[in-house]
Amino acid sequence: MLLGLGAPAKAQGQRAVVQFTGIVATGDSLLGVPGASIFVPKAGRGTATNEYGYFSLPVLAGDSIIIRSLGYRNQTVVIPANYTRQSYSVIVQLKEDATILPEVRIFPYATEKEFKEAFLALRLPKERGSRAADNLNPEIMQRIFNNAPVTSMGNYRQTMQLQQNDYNRRMGTAPSQYTSNPLLNPFSWLQLINQVKNGDFKKKDNSDD
């Protein structure tokens, strides 16, 4: 009789299996979050969302499920202990979690002191006959300059410089073919006419006589 009474009591104490399904989305746009982790800590098992943010996982009534994804705050969903239905569906809206990571410095030596000692003991190669001296050879540098392609930034700077030079020439603040050649410069002709009117050339001729 004791065994007969104990079996129904154990059956009544077992928790019901519930199919836990849902969609994990971002809180601002409701877009599905792929690869989000759906984990049951007590059972030690879980699953992940597909490319649309959908998941499906069998759990037990009363379980606490943790939903987490990189860059978002963890969310916890608790299945009611007295839940009697076979399925439980939710839409989980994750909120962004801006975490500032501490600065990490990577050194090639165990301590900064060892790095300083190794740096001070470093022997640099002599300039003559070294690879650095070969790279600074004038002939090699001229060859690189002549064969190097012009970048988009170089084309932009050259075009802007040409436009600026053309504007300066039109405003008379930069040398041009008219200012370089006195025969084509109207200011040179004006100066010549004024000198003729003032008799500058006659004075020079009289002084020579």
# chains A, B, ... in the order shown; residues from 1 in each chain; ligands from 1
$ select_by_dssp --residues "region 4-80 of chain A" --states "alpha helix (DSSP H)" --output "number ranges by chain"
A: 4-13
$ residues_around --residues "Ser87 (chain A)" --least-positions-apart "6" --cutoff "8 Å" --atoms "only C-alpha atoms" --output "list in words"
Val18, Gln19, Phe20 and Thr21 of chain A
$ residues_around --residues "Val24 (chain A)" --least-positions-apart "5" --cutoff "12 Å" --atoms "only C-alpha atoms" --output "PyMOL selection string"
chain A and resi 29-38+48-56+66-69+72+74-77+89-95
$ residues_around --residues "Phe119 (chain A)" --least-positions-apart "6" --cutoff "12 Å" --atoms "only C-alpha atoms" --output "mmCIF file with N, CA and C atoms, in the first residue's frame"
data_model
loop_
_atom_site.group_PDB
_atom_site.id
_atom_site.type_symbol
_atom_site.label_atom_id
_atom_site.label_comp_id
_atom_site.auth_asym_id
_atom_site.auth_seq_id
_atom_site.Cartn_x
_atom_site.Cartn_y
_atom_site.Cartn_z
ATOM 1 N N PRO A 108 56.287 43.385 -26.095
ATOM 2 C CA PRO A 108 56.983 42.157 -26.508
ATOM 3 C C PRO A 108 57.791 41.517 -25.397
ATOM 4 N N TYR A 109 57.889 42.188 -24.241
ATOM 5 C CA TYR A 109 58.654 41.649 -23.114
ATOM 6 C C TYR A 109 57.747 41.537 -21.894
ATOM 7 N N GLU A 112 58.099 46.236 -18.544
ATOM 8 C CA GLU A 112 58.538 47.432 -19.249
ATOM 9 C C GLU A 112 60.036 47.670 -19.043
ATOM 10 N N LYS A 113 60.568 47.252 -17.896
ATOM 11 C CA LYS A 113 61.993 47.412 -17.631
ATOM 12 C C LYS A 113 62.823 46.589 -18.610
#
$ atom_distance --atom1 "CA of Met141 (chain A)" --atom2 "CA of Gly154 (chain A)"
18.1 Å
$ residues_around --residues "Ala81 (chain A)" --least-positions-apart "3" --cutoff "10 Å" --atoms "only C-alpha atoms" --output "PDB file with all heavy atoms, in the first residue's frame"
ATOM      1  N   ARG A  15       7.506  18.031 -13.173  1.00  0.00           N
ATOM      2  CA  ARG A  15       7.172  19.266 -13.900  1.00  0.00           C
ATOM      3  C   ARG A  15       6.842  18.954 -15.346  1.00  0.00           C
ATOM      4  O   ARG A  15       7.446  18.069 -15.966  1.00  0.00           O
ATOM      5  CB  ARG A  15       8.334  20.262 -13.827  1.00  0.00           C
ATOM      6  CG  ARG A  15       8.590  20.776 -12.419  1.00  0.00           C
ATOM      7  CD  ARG A  15       9.671  21.840 -12.423  1.00  0.00           C
ATOM      8  NE  ARG A  15      10.970  21.319 -12.854  1.00  0.00           N
ATOM      9  CZ  ARG A  15      12.031  22.077 -13.105  1.00  0.00           C
ATOM     10  NH1 ARG A  15      11.921  23.410 -13.005  1.00  0.00           N
ATOM     11  NH2 ARG A  15      13.167  21.526 -13.476  1.00  0.00           N
ATOM     12  N   ALA A  16       5.916  19.725 -15.887  1.00  0.00           N
ATOM     13  CA  ALA A  16       5.456  19.475 -17.252  1.00  0.00           C
ATOM     14  C   ALA A  16       6.480  19.988 -18.248  1.00  0.00           C
ATOM     15  O   ALA A  16       7.179  20.977 -18.015  1.00  0.00           O
ATOM     16  CB  ALA A  16       4.105  20.156 -17.473  1.00  0.00           C
ATOM     17  N   LEU A  60      11.147  22.912 -19.002  1.00  0.00           N
ATOM     18  CA  LEU A  60      10.221  22.443 -17.978  1.00  0.00           C
ATOM     19  C   LEU A  60       9.530  23.631 -17.329  1.00  0.00           C
ATOM     20  O   LEU A  60      10.074  24.737 -17.261  1.00  0.00           O
ATOM     21  CB  LEU A  60      10.963  21.625 -16.918  1.00  0.00           C
ATOM     22  CG  LEU A  60      11.643  20.344 -17.395  1.00  0.00           C
ATOM     23  CD1 LEU A  60      12.389  19.679 -16.234  1.00  0.00           C
ATOM     24  CD2 LEU A  60      10.633  19.375 -18.010  1.00  0.00           C
ATOM     25  N   ALA A  61       8.331  23.401 -16.853  1.00  0.00           N
ATOM     26  CA  ALA A  61       7.592  24.447 -16.153  1.00  0.00           C
ATOM     27  C   ALA A  61       8.375  24.873 -14.910  1.00  0.00           C
ATOM     28  O   ALA A  61       8.861  24.036 -14.162  1.00  0.00           O
ATOM     29  CB  ALA A  61       6.201  23.948 -15.770  1.00  0.00           C
ATOM     30  N   GLY A  62       8.541  26.177 -14.735  1.00  0.00           N
ATOM     31  CA  GLY A  62       9.307  26.701 -13.618  1.00  0.00           C
ATOM     32  C   GLY A  62      10.751  27.022 -13.959  1.00  0.00           C
ATOM     33  O   GLY A  62      11.474  27.565 -13.112  1.00  0.00           O
ATOM     34  N   ASP A  63      11.194  26.686 -15.180  1.00  0.00           N
ATOM     35  CA  ASP A  63      12.568  26.986 -15.571  1.00  0.00           C
ATOM     36  C   ASP A  63      12.763  28.483 -15.802  1.00  0.00           C
ATOM     37  O   ASP A  63      11.845  29.201 -16.207  1.00  0.00           O
ATOM     38  CB  ASP A  63      12.940  26.228 -16.858  1.00  0.00           C
ATOM     39  CG  ASP A  63      13.329  24.783 -16.578  1.00  0.00           C
ATOM     40  OD1 ASP A  63      13.560  24.461 -15.396  1.00  0.00           O
ATOM     41  OD2 ASP A  63      13.405  23.998 -17.537  1.00  0.00           O
ATOM     42  N   VAL A  78      10.965  33.509 -17.293  1.00  0.00           N
ATOM     43  CA  VAL A  78      10.627  32.458 -16.329  1.00  0.00           C
ATOM     44  C   VAL A  78       9.313  31.822 -16.755  1.00  0.00           C
ATOM     45  O   VAL A  78       8.294  32.516 -16.922  1.00  0.00           O
ATOM     46  CB  VAL A  78      10.514  33.019 -14.905  1.00  0.00           C
ATOM     47  CG1 VAL A  78      10.135  31.899 -13.918  1.00  0.00           C
ATOM     48  CG2 VAL A  78      11.819  33.695 -14.493  1.00  0.00           C
ATOM     49  N   THR A  84       0.199  24.940 -17.544  1.00  0.00           N
ATOM     50  CA  THR A  84      -0.394  23.662 -17.941  1.00  0.00           C
ATOM     51  C   THR A  84      -0.391  23.440 -19.453  1.00  0.00           C
ATOM     52  O   THR A  84      -0.594  22.314 -19.895  1.00  0.00           O
ATOM     53  CB  THR A  84      -1.836  23.579 -17.431  1.00  0.00           C
ATOM     54  OG1 THR A  84      -2.584  24.707 -17.937  1.00  0.00           O
ATOM     55  CG2 THR A  84      -1.867  23.592 -15.903  1.00  0.00           C
TER      56      THR A  84
END
$ atom_distance --atom1 "CA of Glu96 (chain A)" --atom2 "CA of Ile79 (chain A)"
24.3 Å
